[in-house]
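Source file: target.cif. Holds: mmCIF, C-alpha atoms and all ligand atoms.
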data_protein
#
loop_
_atom_site.label_atom_id
_atom_site.label_comp_id
_atom_site.auth_asym_id
_atom_site.auth_seq_id
_atom_site.Cartn_x
_atom_site.Cartn_y
_atom_site.Cartn_z
CA MET A 1 115.27 90.16 124.36
CA ALA A 2 113.54 92.76 126.41
CA VAL A 3 115.87 95.44 127.64
CA SER A 4 114.49 97.32 130.59
CA HIS A 5 114.19 101.01 130.01
CA GLU A 6 116.44 103.19 132.14
CA PRO A 7 115.05 106.70 132.04
CA ARG A 8 117.35 109.68 132.06
CA ILE A 9 116.40 112.53 134.34
CA VAL A 10 117.96 115.96 134.18
CA GLY A 11 117.84 117.49 137.64
CA PHE A 12 118.32 121.22 138.19
CA LEU A 13 119.11 121.60 141.88
CA CYS A 14 119.53 124.90 143.63
CA ASN A 15 122.87 125.36 145.28
CA TRP A 16 121.62 126.37 148.70
CA CYS A 17 119.04 123.73 149.54
CA SER A 18 118.44 120.92 147.12
CA TYR A 19 122.03 120.39 146.04
CA ALA A 20 123.03 120.25 149.69
CA GLY A 21 120.10 117.88 150.24
CA ALA A 22 121.43 115.60 147.52
CA ASP A 23 124.85 115.84 149.08
CA LEU A 24 123.42 114.85 152.42
CA ALA A 25 121.79 111.83 150.82
CA GLY A 26 125.24 110.87 149.60
CA THR A 27 127.11 111.42 152.85
CA SER A 28 124.37 109.60 154.76
CA ARG A 29 124.75 106.63 152.40
CA ILE A 30 121.15 106.78 151.30
CA THR A 31 120.89 105.12 147.92
CA TYR A 32 118.82 106.58 145.12
CA PRO A 33 118.53 105.61 141.45
CA ALA A 34 121.47 106.66 139.31
CA ASN A 35 119.05 107.81 136.63
CA ILE A 36 119.37 111.44 137.59
CA ARG A 37 122.04 113.72 136.13
CA ILE A 38 122.42 116.67 138.40
CA ILE A 39 123.10 120.21 137.27
CA ARG A 40 123.78 122.68 140.03
CA VAL A 41 122.19 126.09 139.62
CA PRO A 42 122.47 129.07 141.98
CA CYS A 43 118.73 129.12 142.60
CA SER A 44 115.68 127.36 141.21
CA GLY A 45 114.80 130.77 139.77
CA ARG A 46 117.84 130.46 137.53
CA VAL A 47 116.17 127.70 135.54
CA ASP A 48 115.20 129.33 132.29
CA PRO A 49 112.31 127.48 130.60
CA LEU A 50 114.75 127.19 127.71
CA PHE A 51 116.90 124.80 129.79
CA VAL A 52 113.90 122.55 130.27
CA VAL A 53 112.95 122.59 126.61
CA LYS A 54 116.55 121.97 125.62
CA SER A 55 116.84 119.01 128.00
CA PHE A 56 113.80 117.43 126.43
CA GLN A 57 115.08 118.12 122.95
CA LEU A 58 118.37 116.41 123.74
CA GLY A 59 116.60 113.29 124.92
CA ALA A 60 115.80 113.61 128.61
CA ASP A 61 112.93 111.40 129.73
CA GLY A 62 112.19 113.65 132.66
CA VAL A 63 113.20 117.02 134.05
CA LEU A 64 113.27 117.83 137.75
CA ILE A 65 113.59 121.29 139.20
CA ALA A 66 114.32 121.29 142.90
CA GLY A 67 114.69 124.30 145.14
CA CYS A 68 114.33 125.60 148.67
CA HIS A 69 110.91 125.48 150.27
CA PRO A 70 108.78 128.60 149.75
CA GLY A 71 110.00 131.24 152.16
CA ASP A 72 113.47 129.70 152.40
CA CYS A 73 115.03 130.76 149.10
CA HIS A 74 118.54 132.11 149.62
CA TYR A 75 117.57 135.02 147.39
CA THR A 76 114.24 135.43 149.17
CA GLU A 77 111.94 135.21 146.18
CA GLY A 78 113.53 133.09 143.45
CA ASN A 79 111.40 130.04 144.10
CA TYR A 80 108.16 132.03 144.06
CA HIS A 81 109.01 133.05 140.51
CA THR A 82 109.94 129.47 139.67
CA ARG A 83 106.57 128.32 140.92
CA ARG A 84 104.69 130.71 138.65
CA ARG A 85 106.77 129.85 135.62
CA PHE A 86 106.44 126.14 136.26
CA ALA A 87 102.67 126.41 136.66
CA LEU A 88 102.43 127.79 133.13
CA LEU A 89 105.20 125.81 131.47
CA ARG A 90 104.07 122.37 132.58
CA PRO A 91 100.62 122.41 130.95
CA PHE A 92 102.15 124.13 127.92
CA LEU A 93 104.69 121.37 127.34
CA ASP A 94 101.94 118.84 127.89
CA TYR A 95 99.91 120.58 125.22
CA LEU A 96 102.85 120.32 122.84
CA GLY A 97 103.21 116.61 123.44
CA ILE A 98 105.39 116.14 126.54
CA ASP A 99 103.43 114.27 129.16
CA GLN A 100 103.19 116.44 132.27
CA GLU A 101 104.32 113.56 134.45
CA ARG A 102 107.75 114.03 132.91
CA PHE A 103 108.28 117.44 134.44
CA ARG A 104 108.42 118.01 138.19
CA LEU A 105 109.01 120.76 140.67
CA GLU A 106 109.95 119.74 144.21
CA TRP A 107 111.06 121.56 147.31
CA VAL A 108 113.99 119.84 149.02
CA SER A 109 115.81 121.50 151.89
CA ALA A 110 119.45 120.93 152.86
CA SER A 111 118.38 118.59 155.64
CA GLU A 112 116.09 116.49 153.47
CA GLY A 113 118.50 113.91 152.08
CA LYS A 114 115.87 111.27 152.61
CA LYS A 115 113.23 113.26 150.78
CA PHE A 116 115.62 113.79 147.88
CA SER A 117 116.18 110.08 147.49
CA GLU A 118 112.44 109.45 147.63
CA VAL A 119 111.75 112.09 144.99
CA VAL A 120 114.30 110.59 142.62
CA ALA A 121 113.09 107.04 143.26
CA ASP A 122 109.48 107.98 142.73
CA PHE A 123 110.21 110.01 139.61
CA THR A 124 112.27 107.16 138.14
CA GLU A 125 109.42 104.73 138.83
CA THR A 126 106.93 107.01 137.11
CA LEU A 127 109.15 107.40 134.08
CA LYS A 128 109.67 103.65 133.84
CA ARG A 129 105.93 103.19 133.93
CA ILE A 130 105.20 105.65 131.15
CA GLY A 131 108.09 104.27 129.12
CA PRO A 132 110.69 105.86 126.88
CA ARG A 133 109.94 109.14 125.22
CA GLU A 134 109.85 109.11 121.47
CA ILE A 135 111.64 112.09 120.07
CA MET B 136 86.00 156.57 108.28
CA ILE B 137 88.91 157.06 105.88
CA GLU B 138 88.18 160.80 105.73
CA GLU B 139 88.29 161.03 109.50
CA ILE B 140 91.67 159.34 109.59
CA ARG B 141 93.05 161.55 106.83
CA ASN B 142 91.78 164.75 108.41
CA LYS B 143 93.21 163.84 111.76
CA ALA B 144 96.54 162.89 110.24
CA LYS B 145 96.63 166.15 108.33
CA GLU B 146 95.87 168.16 111.44
CA LEU B 147 98.54 166.34 113.43
CA LEU B 148 101.19 166.94 110.78
CA GLU B 149 100.21 170.57 110.15
CA THR B 150 100.27 171.48 113.81
CA LYS B 151 103.53 169.53 114.16
CA THR B 152 102.02 167.53 117.00
CA VAL B 153 103.75 164.58 115.41
CA ASP B 154 106.29 164.40 112.61
CA CYS B 155 105.12 161.11 111.18
CA VAL B 156 101.86 159.21 110.94
CA ILE B 157 102.09 155.46 110.48
CA GLY B 158 99.11 153.97 108.70
CA TYR B 159 98.05 151.87 105.74
CA GLU B 160 98.03 152.53 102.00
CA PRO B 161 97.00 150.36 99.05
CA ALA B 162 99.75 147.98 97.98
CA THR B 163 100.98 147.94 94.39
CA ASP B 164 98.81 144.93 93.60
CA ASN B 165 95.76 147.14 94.16
CA LEU B 166 94.31 144.39 96.26
CA THR B 167 96.02 144.28 99.61
CA SER B 168 97.37 147.06 101.77
CA ARG B 169 100.76 147.84 103.20
CA PRO B 170 102.19 150.03 105.94
CA VAL B 171 103.01 153.62 105.08
CA PHE B 172 104.88 156.40 106.87
CA ILE B 173 103.42 159.83 106.15
CA TYR B 174 105.65 162.84 106.87
CA GLU B 175 103.95 165.56 104.78
CA PRO B 176 100.41 166.88 105.24
CA SER B 177 100.02 166.82 101.45
CA GLN B 178 100.47 163.08 101.45
CA VAL B 179 97.64 162.14 103.81
CA ASN B 180 95.36 161.06 100.99
CA ARG B 181 97.46 157.97 100.63
CA LEU B 182 96.04 156.69 103.91
CA ILE B 183 93.28 154.12 103.82
CA PHE B 184 91.53 151.82 106.21
CA ASP B 185 89.58 148.75 105.21
CA GLU B 186 89.30 145.00 105.70
CA THR B 187 92.70 144.37 104.17
CA CYS B 188 94.61 146.29 106.84
CA VAL B 189 96.06 143.27 108.59
CA HIS B 190 99.40 144.55 109.86
CA ASN B 191 100.03 145.41 113.46
CA LEU B 192 101.91 148.68 113.11
CA SER B 193 102.81 149.04 116.76
CA LYS B 194 106.12 147.28 116.09
CA TYR B 195 107.28 150.33 114.13
CA LEU B 196 106.89 152.55 117.17
CA ILE B 197 109.90 150.99 118.85
CA ASN B 198 112.32 152.61 116.41
CA ARG B 199 110.56 155.94 116.81
CA ARG B 200 110.31 155.87 120.57
CA TYR B 201 111.94 159.28 121.03
CA LYS B 202 110.07 160.97 118.19
CA PRO B 203 106.48 162.19 118.27
CA THR B 204 104.54 159.74 116.15
CA GLY B 205 100.94 159.22 115.14
CA ILE B 206 99.64 155.74 114.46
CA VAL B 207 96.50 154.19 113.03
CA ALA B 208 95.65 151.23 115.24
CA LYS B 209 93.04 148.50 115.41
CA PRO B 210 91.97 147.23 118.85
CA CYS B 211 94.49 144.35 118.83
CA ASP B 212 97.23 146.77 117.76
CA THR B 213 96.36 149.11 120.63
CA ARG B 214 96.96 146.21 122.96
CA GLY B 215 100.43 146.00 121.43
CA ILE B 216 100.97 149.67 122.23
CA ASN B 217 99.84 149.04 125.79
CA LEU B 218 102.23 146.13 126.08
CA LEU B 219 105.15 148.27 124.95
CA LEU B 220 104.14 151.08 127.28
CA ASN B 221 103.84 148.63 130.14
CA GLU B 222 107.31 147.32 129.40
CA LYS B 223 108.68 150.89 129.24
CA GLN B 224 109.61 150.64 125.59
CA LEU B 225 107.64 153.69 124.52
CA ARG B 226 106.80 157.08 125.92
CA ARG B 227 103.15 157.91 126.07
CA GLU B 228 103.77 161.61 125.49
CA ASN B 229 105.37 160.84 122.14
CA LEU B 230 102.37 158.94 120.86
CA PHE B 231 99.18 160.01 119.20
CA ILE B 232 96.95 157.00 118.70
CA ILE B 233 94.20 157.09 116.10
CA GLY B 234 92.17 154.12 117.30
CA VAL B 235 89.82 152.47 114.84
CA VAL B 236 86.78 150.44 115.88
CA CYS B 237 87.08 147.13 114.09
CA SER B 238 84.73 144.22 113.61
CA GLY B 239 87.26 141.97 111.95
CA ILE B 240 89.44 141.98 108.90
CA ARG B 241 89.96 139.54 106.07
CA LYS B 242 92.47 136.79 105.74
CA VAL B 243 95.23 137.92 103.43
CA ARG B 244 97.81 135.45 102.19
CA PHE B 245 100.36 135.83 99.42
CA ASN B 246 98.46 138.68 97.80
CA GLN B 247 95.21 136.76 97.92
CA ILE B 248 92.29 138.01 99.92
CA GLU B 249 90.23 135.19 101.23
CA ASN B 250 86.60 135.39 102.08
CA SER B 251 87.13 134.40 105.69
CA MET B 252 88.48 136.06 108.80
CA PRO B 253 91.88 135.18 110.26
CA THR B 254 91.91 133.13 113.47
CA LYS B 255 92.59 136.20 115.56
CA CYS B 256 89.35 137.86 114.46
CA GLN B 257 87.29 134.72 114.79
CA TYR B 258 88.05 134.61 118.49
CA CYS B 259 88.32 138.33 119.16
CA SER B 260 85.65 140.23 121.00
CA GLN B 261 87.60 143.39 121.76
CA HIS B 262 86.12 145.60 119.09
CA THR B 263 86.98 148.97 120.63
CA PRO B 264 90.62 150.09 120.97
CA VAL B 265 91.86 149.84 124.55
CA ILE B 266 93.94 153.01 124.34
CA TYR B 267 93.53 155.96 121.96
CA ASP B 268 93.66 159.71 121.64
CA PHE B 269 91.17 159.93 118.83
CA LEU B 270 88.56 157.32 118.06
CA VAL B 271 87.21 156.53 114.62
CA GLY B 272 83.89 154.69 114.64
CA GLU B 273 81.27 153.98 117.26
CA PRO B 274 82.63 152.34 120.40
CA VAL B 275 81.18 148.91 121.13
CA THR B 276 79.83 148.74 124.65
CA GLU B 277 79.47 144.98 125.10
CA ALA B 278 82.14 143.55 127.38
CA PRO B 279 84.59 141.26 125.59
CA THR B 280 84.12 137.54 126.13
CA HIS B 281 86.50 134.63 125.80
CA ASN B 282 86.18 131.61 123.62
CA TYR B 283 88.85 128.95 123.68
CA SER B 284 87.01 126.14 121.93
CA ASP B 285 89.86 125.67 119.46
CA ILE B 286 92.31 125.15 122.32
CA THR B 287 90.10 122.75 124.27
CA GLU B 288 89.76 120.69 121.15
CA ILE B 289 93.51 120.09 121.09
CA GLU B 290 93.66 119.62 124.86
CA ASN B 291 91.12 116.85 124.49
CA MET B 292 93.19 114.92 121.98
CA SER B 293 95.10 111.91 123.22
CA PRO B 294 98.78 112.64 123.98
CA ALA B 295 99.81 110.67 120.92
CA GLN B 296 97.45 112.58 118.65
CA ARG B 297 98.62 115.85 120.06
CA LYS B 298 102.23 114.95 119.53
CA ALA B 299 101.52 113.95 115.95
CA PHE B 300 99.53 117.12 115.38
CA TRP B 301 102.37 119.37 116.47
CA SER B 302 105.17 117.49 114.80
CA GLU B 303 103.30 117.65 111.55
CA HIS B 304 103.24 121.42 111.88
CA PHE B 305 106.59 122.17 113.50
CA ASP B 306 108.49 119.87 111.16
CA ARG B 307 107.57 122.22 108.34
CA CYS B 308 109.15 125.26 110.00
CA ILE B 309 112.00 126.64 107.92
CA ARG B 310 113.13 128.90 110.77
CA CYS B 311 112.93 132.06 108.78
CA TYR B 312 112.24 133.79 112.11
CA GLY B 313 109.55 135.84 110.40
CA CYS B 314 107.25 135.19 113.34
CA ARG B 315 109.74 137.00 115.54
CA GLN B 316 110.41 139.85 113.13
CA VAL B 317 106.77 140.88 112.95
CA CYS B 318 106.13 140.48 116.65
CA ALA B 319 105.71 143.68 118.65
CA GLY B 320 106.80 141.80 121.77
CA CYS B 321 110.03 140.50 120.20
CA TYR B 322 112.32 143.49 120.53
CA CYS B 323 115.27 141.79 122.26
CA TYR B 324 118.63 143.06 121.05
CA GLU B 325 119.84 139.52 120.93
CA CYS B 326 117.25 136.82 120.49
CA PHE B 327 118.00 133.39 121.94
CA GLY B 328 117.47 132.11 118.41
CA ASP B 329 120.46 134.14 117.20
CA GLU B 330 122.82 133.32 120.03
CA LEU B 331 125.81 131.30 118.87
CA ASP B 332 127.45 130.55 122.20
CA PRO B 333 125.64 128.74 123.65
CA LEU B 334 123.91 127.61 120.54
CA TRP B 335 120.39 127.17 121.87
CA VAL B 336 118.78 126.60 118.53
CA GLY B 337 121.03 124.59 116.24
CA ILE B 338 121.71 125.85 112.75
CA ARG B 339 120.57 122.67 111.03
CA ILE B 340 116.92 122.57 110.11
CA ALA B 341 115.81 119.54 112.07
CA PRO B 342 112.60 118.68 113.89
CA GLY B 343 114.20 118.94 117.34
CA GLU B 344 115.64 122.38 116.67
CA ASN B 345 112.35 123.60 115.22
CA TRP B 346 110.60 122.35 118.31
CA VAL B 347 112.92 124.34 120.58
CA TRP B 348 112.37 127.45 118.52
CA ASN B 349 108.60 127.20 118.34
CA THR B 350 108.21 126.31 122.00
CA VAL B 351 110.50 128.92 123.46
CA ARG B 352 109.43 131.70 121.12
CA ALA B 353 105.87 131.20 122.26
CA PHE B 354 106.85 130.95 125.91
CA HIS B 355 108.79 134.22 125.75
CA LEU B 356 105.49 135.76 124.79
CA SER B 357 103.49 134.09 127.51
CA ALA B 358 101.48 136.67 129.40
CA ARG B 359 102.69 139.12 126.74
CA CYS B 360 101.16 137.97 123.46
CA ILE B 361 98.41 140.40 122.53
CA ALA B 362 96.86 138.12 119.92
CA CYS B 363 97.37 140.36 116.90
CA GLY B 364 98.03 137.20 114.88
CA GLU B 365 100.93 138.64 112.91
CA CYS B 366 103.13 135.56 113.39
CA GLU B 367 100.49 133.30 111.94
CA HIS B 368 99.85 135.76 109.14
CA ILE B 369 103.51 135.92 108.17
CA CYS B 370 104.42 132.24 108.51
CA PRO B 371 105.32 131.03 105.00
CA VAL B 372 104.48 127.43 105.80
CA ASN B 373 101.14 128.04 107.49
CA ILE B 374 101.91 126.88 110.99
CA PRO B 375 98.87 127.68 113.15
CA LEU B 376 100.93 129.69 115.64
CA MET B 377 97.86 131.23 117.25
CA LEU B 378 96.95 127.79 118.55
CA VAL B 379 100.25 127.81 120.42
CA ASN B 380 99.96 131.37 121.67
CA ARG B 381 96.35 131.07 122.70
CA LYS B 382 97.03 128.07 124.91
CA LEU B 383 99.33 130.28 126.96
CA GLU B 384 96.78 133.08 126.89
CA LYS B 385 94.10 130.73 128.18
CA ASP B 386 96.25 129.40 131.02
CA THR B 387 97.49 132.86 131.97
CA LEU B 388 93.93 134.04 132.26
CA HIS B 389 93.00 131.02 134.31
CA LEU B 390 96.04 131.00 136.62
CA PHE B 391 96.74 134.68 137.06
CA ASP B 392 93.53 136.32 135.89
CA PHE B 393 95.66 138.42 133.59
CA GLU B 394 95.30 139.62 130.03
CA PRO B 395 98.24 141.32 128.37
CA GLY B 396 97.92 144.73 126.79
CA ILE B 397 94.66 145.71 128.41
CA ASP B 398 96.19 148.04 130.93
CA THR B 399 99.44 150.02 130.97
CA GLU B 400 100.04 149.99 134.69
CA ILE B 401 99.13 146.56 135.99
CA VAL B 402 102.20 144.45 136.86
CA PRO B 403 102.38 141.37 134.61
CA PRO B 404 102.31 137.98 136.39
CA PHE B 405 105.93 137.04 135.75
CA ALA B 406 107.23 140.32 137.13
CA THR B 407 105.74 139.62 140.52
CA TYR B 408 104.55 136.79 142.76
CA LYS B 409 102.39 136.17 145.76
CA LYS B 410 103.56 134.13 148.70
CA GLU B 411 100.13 132.61 148.95
CA ASP B 412 99.90 131.75 145.23
CA LYS B 413 97.67 128.71 144.75
CA LEU B 414 98.61 127.43 141.33
CA GLY B 415 98.07 123.75 141.95
CA THR B 416 101.79 123.18 142.29
CA GLY B 417 104.58 123.60 144.84
CA GLU B 418 102.50 125.03 147.68
S1 LIG C 501 107.36 132.18 110.58
FE1 LIG C 501 106.81 129.98 110.48
S2 LIG C 501 108.49 129.02 109.27
FE2 LIG C 501 109.22 131.06 109.93
S3 LIG C 501 110.33 130.64 111.87
FE3 LIG C 501 108.21 131.21 112.42
S4 LIG C 501 107.12 129.25 112.61
FE4 LIG C 501 109.02 128.84 111.46
S1 LIG C 502 111.81 134.91 120.74
FE1 LIG C 502 112.36 135.48 122.81
S2 LIG C 502 114.55 136.03 122.73
FE2 LIG C 502 113.75 136.05 120.62
S3 LIG C 502 113.18 138.21 120.28
FE3 LIG C 502 111.33 137.09 120.95
S4 LIG C 502 111.29 137.41 123.16
FE4 LIG C 502 113.36 137.92 122.49
S1 LIG C 503 118.23 129.52 146.45
FE1 LIG C 503 117.14 127.63 146.55
S2 LIG C 503 115.39 128.16 145.42
FE2 LIG C 503 116.38 130.08 145.46
#

Starting from the coordinates I provided, produce the structure as structure tokens.
Ligand code: SF4
Ligand code: SF4
Ligand code: FES
Amino acid sequence: MAVSHEPRIVGFLCNWCSYAGADLAGTSRITYPANIRIIRVPCSGRVDPLFVVKSFQLGADGVLIAGCHPGDCHYTEGNYHTRRRFALLRPFLDYLGIDQERFRLEWVSASEGKKFSEVVADFTETLKRIGPREI
Amino acid sequence: MIEEIRNKAKELLETKTVDCVIGYEPATDNLTSRPVFIYEPSQVNRLIFDETCVHNLSKYLINRRYKPTGIVAKPCDTRGINLLLNEKQLRRENLFIIGVVCSGIRKVRFNQIENSMPTKCQYCSQHTPVIYDFLVGEPVTEAPTHNYSDITEIENMSPAQRKAFWSEHFDRCIRCYGCRQVCAGCYCYECFGDELDPLWVGIRIAPGENWVWNTVRAFHLSARCIACGECEHICPVNIPLMLVNRKLEKDTLHLFDFEPGIDTEIVPPFATYKKEDKLGTGE
């Protein structure tokens, strides 16, 4: 019996934009896959690479970091730092055996409930396509 | 070469320019060398310098940051000094650096000297110290080049091969944390590996926990690792840690055009940002 694979995504959403964006998706009754487990962080810059590594260690199939668009960070510059860190961490994890398609950075503003749902849907699709991650 | 080092050390101690010179002396096995702290001018004849001087002594400067100290340093070690100066861990005025021109040392493992060079020297082209007060040897004028063929080889493996390659290595890790202890860049008062609440790296020795340790240790040294190779040298289970570190070095160079430890003033890439960064992501 083939059991379809339901990927688990850990989503780190910044409080000021992306979390509000996800909230908007909810209040607007936009459906998105329940595969994402959301963790609210003050800013995308709060996401220590350690959190990402730890999520993968504990079995996440994918990790999403979402924050305010560049220029819109509540703390002015947090997401610029996130962008630099991500640019180095993603190929590094890929090098150590975690497919880079499993790790995403997206900018989602508080008014982009629709975009949030699309990001989650698309990410879930991708993860289903590449299949479960062997730990 | 050795005479020059000894004379300089003697002069520094006699004039009280420094109160200690950190260098190398022969180890008790009469084969390898070990670090030595010289406080008396009469003791300078213990100092040596040869192909067995593997250690990066810059780590010892951290505990002597407020005391005038002399140090014998190879080019890679001088990059360590630069890193610590850049990160405001040392005071330049308290340092006297005896830089030694180096064309590579020998691989030393468990009191055996092998006839080959360690990885760090195979890929190193920085033969002149990057910072020094007194130079021993003829400076090399050729500009350093970069060779990352070892890294590209792994990058070109299939994802499955790569995964297998790393688990074979990381699974052996006994988490002695030796790689951290020798590292000049690892001077945190509390390492994430020692934190108990939250327990980032579990106490059990298991592949997953090893993976967290090896990944995050290396990433904490991204854009900071000065390629002295001490972690790989110390690792009791022969994990090729330089292959991990050098991947980050390669990408840092490519993305941010930055090399750690070359300059004391330049702001490292993770301490700054550019609004117009084009890193192939999140523009
Ligand atoms: S030195 Fe080697 S065995 Fe020890 S913690 Fe580091 S990688 Fe693991
Ligand atoms: S591994 Fe990271 S936390 Fe631990 S000492 Fe090194 S830099 Fe600090
Ligand atoms: S507050 Fe949203 S990214 Fe900084």

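Checking B:Asp386, B:Phe305, B:Asp392, B:Met377 one by one against ligand LIG 501 (chain C), counting all atoms listed in the file, you find the shortest gap at B:Phe305.
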
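Near ligand LIG 501 (chain C), at a distance of at most 6 Å and with only C-alpha atoms and all ligand atoms counted, sit the residues Cys308, Ile309, Arg310, Cys311, Tyr312, Gly313, Cys314, Ile369, Cys370, Pro371, Val372 and Ile374 of chain B.
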
Check every residue of chain B for an atom within 8 Å of chain A, counting all atoms listed in the file, and provide those that qualify as a compact mmCIF listing (two decimals) with C-alpha atoms, keeping the file's coordinate frame.
# COMPACT_ATOMS: atom_id res chain seq x y z
CA ILE B 289 93.51 120.09 121.09
CA GLU B 290 93.66 119.62 124.86
CA PRO B 294 98.78 112.64 123.98
CA ALA B 295 99.81 110.67 120.92
CA ARG B 297 98.62 115.85 120.06
CA LYS B 298 102.23 114.95 119.53
CA TRP B 301 102.37 119.37 116.47
CA TRP B 335 120.39 127.17 121.87
CA GLY B 343 114.20 118.94 117.34
CA GLU B 344 115.64 122.38 116.67
CA TRP B 346 110.60 122.35 118.31
CA VAL B 347 112.92 124.34 120.58
CA THR B 350 108.21 126.31 122.00
CA VAL B 351 110.50 128.92 123.46
CA PHE B 354 106.85 130.95 125.91
CA LYS B 382 97.03 128.07 124.91
CA LEU B 383 99.33 130.28 126.96
CA ASP B 386 96.25 129.40 131.02
CA THR B 387 97.49 132.86 131.97
CA LEU B 390 96.04 131.00 136.62
CA PRO B 404 102.31 137.98 136.39
CA PHE B 405 105.93 137.04 135.75
CA THR B 407 105.74 139.62 140.52
CA TYR B 408 104.55 136.79 142.76
CA LYS B 409 102.39 136.17 145.76
CA LYS B 410 103.56 134.13 148.70
CA LEU B 414 98.61 127.43 141.33
CA GLY B 415 98.07 123.75 141.95
CA THR B 416 101.79 123.18 142.29
CA GLY B 417 104.58 123.60 144.84
CA GLU B 418 102.50 125.03 147.68

Enclosing box along x, y and z for every listed atom of ligand LIG 502 (chain C), padded 3 Å each side, centre and size in Å, one decimal, as lines of an AutoDock Vina configuration file:
center_x = 112.9
center_y = 136.6
center_z = 121.7
size_x = 9.3
size_y = 9.3
size_z = 8.9

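Between atom CA of B:Arg315 and atom CA of B:Glu288 the separation is 26.4 Å.
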
Would you give me, as CSV, each residue of chain A having an atom within 6 Å of an atom of ligand LIG 503 (chain C), along with its shortest atom pair and that distance in Å to one decimal, using all atoms listed in the file and sorting by chain and residue number?
residue,atom,partner,partner_atom,distance
A:Cys14,CA,C:LIG503,FE1,4.7
A:Trp16,CA,C:LIG503,FE1,5.1
A:Cys17,CA,C:LIG503,FE1,5.3
A:Cys43,CA,C:LIG503,FE2,3.8
A:Ser44,CA,C:LIG503,S2,4.3
A:Gly45,CA,C:LIG503,FE2,5.9
A:Gly67,CA,C:LIG503,S2,3.9
A:Cys68,CA,C:LIG503,FE1,4.1
A:Cys73,CA,C:LIG503,FE2,3.9
A:His74,CA,C:LIG503,S1,4.1
A:Tyr75,CA,C:LIG503,FE2,5.4
A:Gly78,CA,C:LIG503,FE2,4.6
A:Asn79,CA,C:LIG503,S2,4.6

Find the residues near ligand LIG 502 (chain C). Use a cut-off of 7 Å, count only C-alpha atoms and all ligand atoms, and write them as a PyMOL selection string. chain B and resi 315+320-323+325-328+351-352+355-356

May I have the residues within 12 Å of A:Glu125 as a PyMOL selection string, using all atoms listed in the file and disregarding those fewer than 4 positions away in the same chain? chain A and resi 5-9+32-33+35+61-62+101-102+118-121+129-131

From the list B:Thr254, B:Glu394, B:Leu148, B:Ser177, the nearest residue to B:Glu367 using only C-alpha atoms is B:Thr254

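Nearest to B:Phe245 of all the residues B:Phe393, B:Lys413, B:Leu166, B:Ile137 is B:Leu166, based on all atoms listed in the file.
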
Would you pick out the contacts of A:Ala110 at 8 Å or less, using all atoms listed in the file, so that residues sharing its chain but fewer than 4 positions from it are not included, and give the list as number ranges by chain? A: 16-22, 24

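The space separating atom CA of B:Lys209 from atom CA of B:Ala406 comes to 27.2 Å.
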
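When only C-alpha atoms are used to compute distances to B:Arg307, the closest of the residues B:Pro375, B:Met292, B:Gly234, B:Leu270 turns out to be B:Pro375.
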
Show me as a short mmCIF file (atom, residue, chain, number, x, y, z; two decimals) with C-alpha atoms, keeping the file's coordinate frame the residues that reach within 12 Å of (103.1, 164.3, 122.2), counting all atoms listed in the file and using the file's own coordinates.
data_model
loop_
_atom_site.label_atom_id
_atom_site.label_comp_id
_atom_site.auth_asym_id
_atom_site.auth_seq_id
_atom_site.Cartn_x
_atom_site.Cartn_y
_atom_site.Cartn_z
CA LEU B 147 98.54 166.34 113.43
CA LEU B 148 101.19 166.94 110.78
CA THR B 150 100.27 171.48 113.81
CA LYS B 151 103.53 169.53 114.16
CA THR B 152 102.02 167.53 117.00
CA VAL B 153 103.75 164.58 115.41
CA ASP B 154 106.29 164.40 112.61
CA CYS B 155 105.12 161.11 111.18
CA ARG B 200 110.31 155.87 120.57
CA TYR B 201 111.94 159.28 121.03
CA LYS B 202 110.07 160.97 118.19
CA PRO B 203 106.48 162.19 118.27
CA THR B 204 104.54 159.74 116.15
CA GLY B 205 100.94 159.22 115.14
CA LEU B 225 107.64 153.69 124.52
CA ARG B 226 106.80 157.08 125.92
CA ARG B 227 103.15 157.91 126.07
CA GLU B 228 103.77 161.61 125.49
CA ASN B 229 105.37 160.84 122.14
CA LEU B 230 102.37 158.94 120.86
CA PHE B 231 99.18 160.01 119.20
CA ILE B 232 96.95 157.00 118.70
CA ASP B 268 93.66 159.71 121.64
#
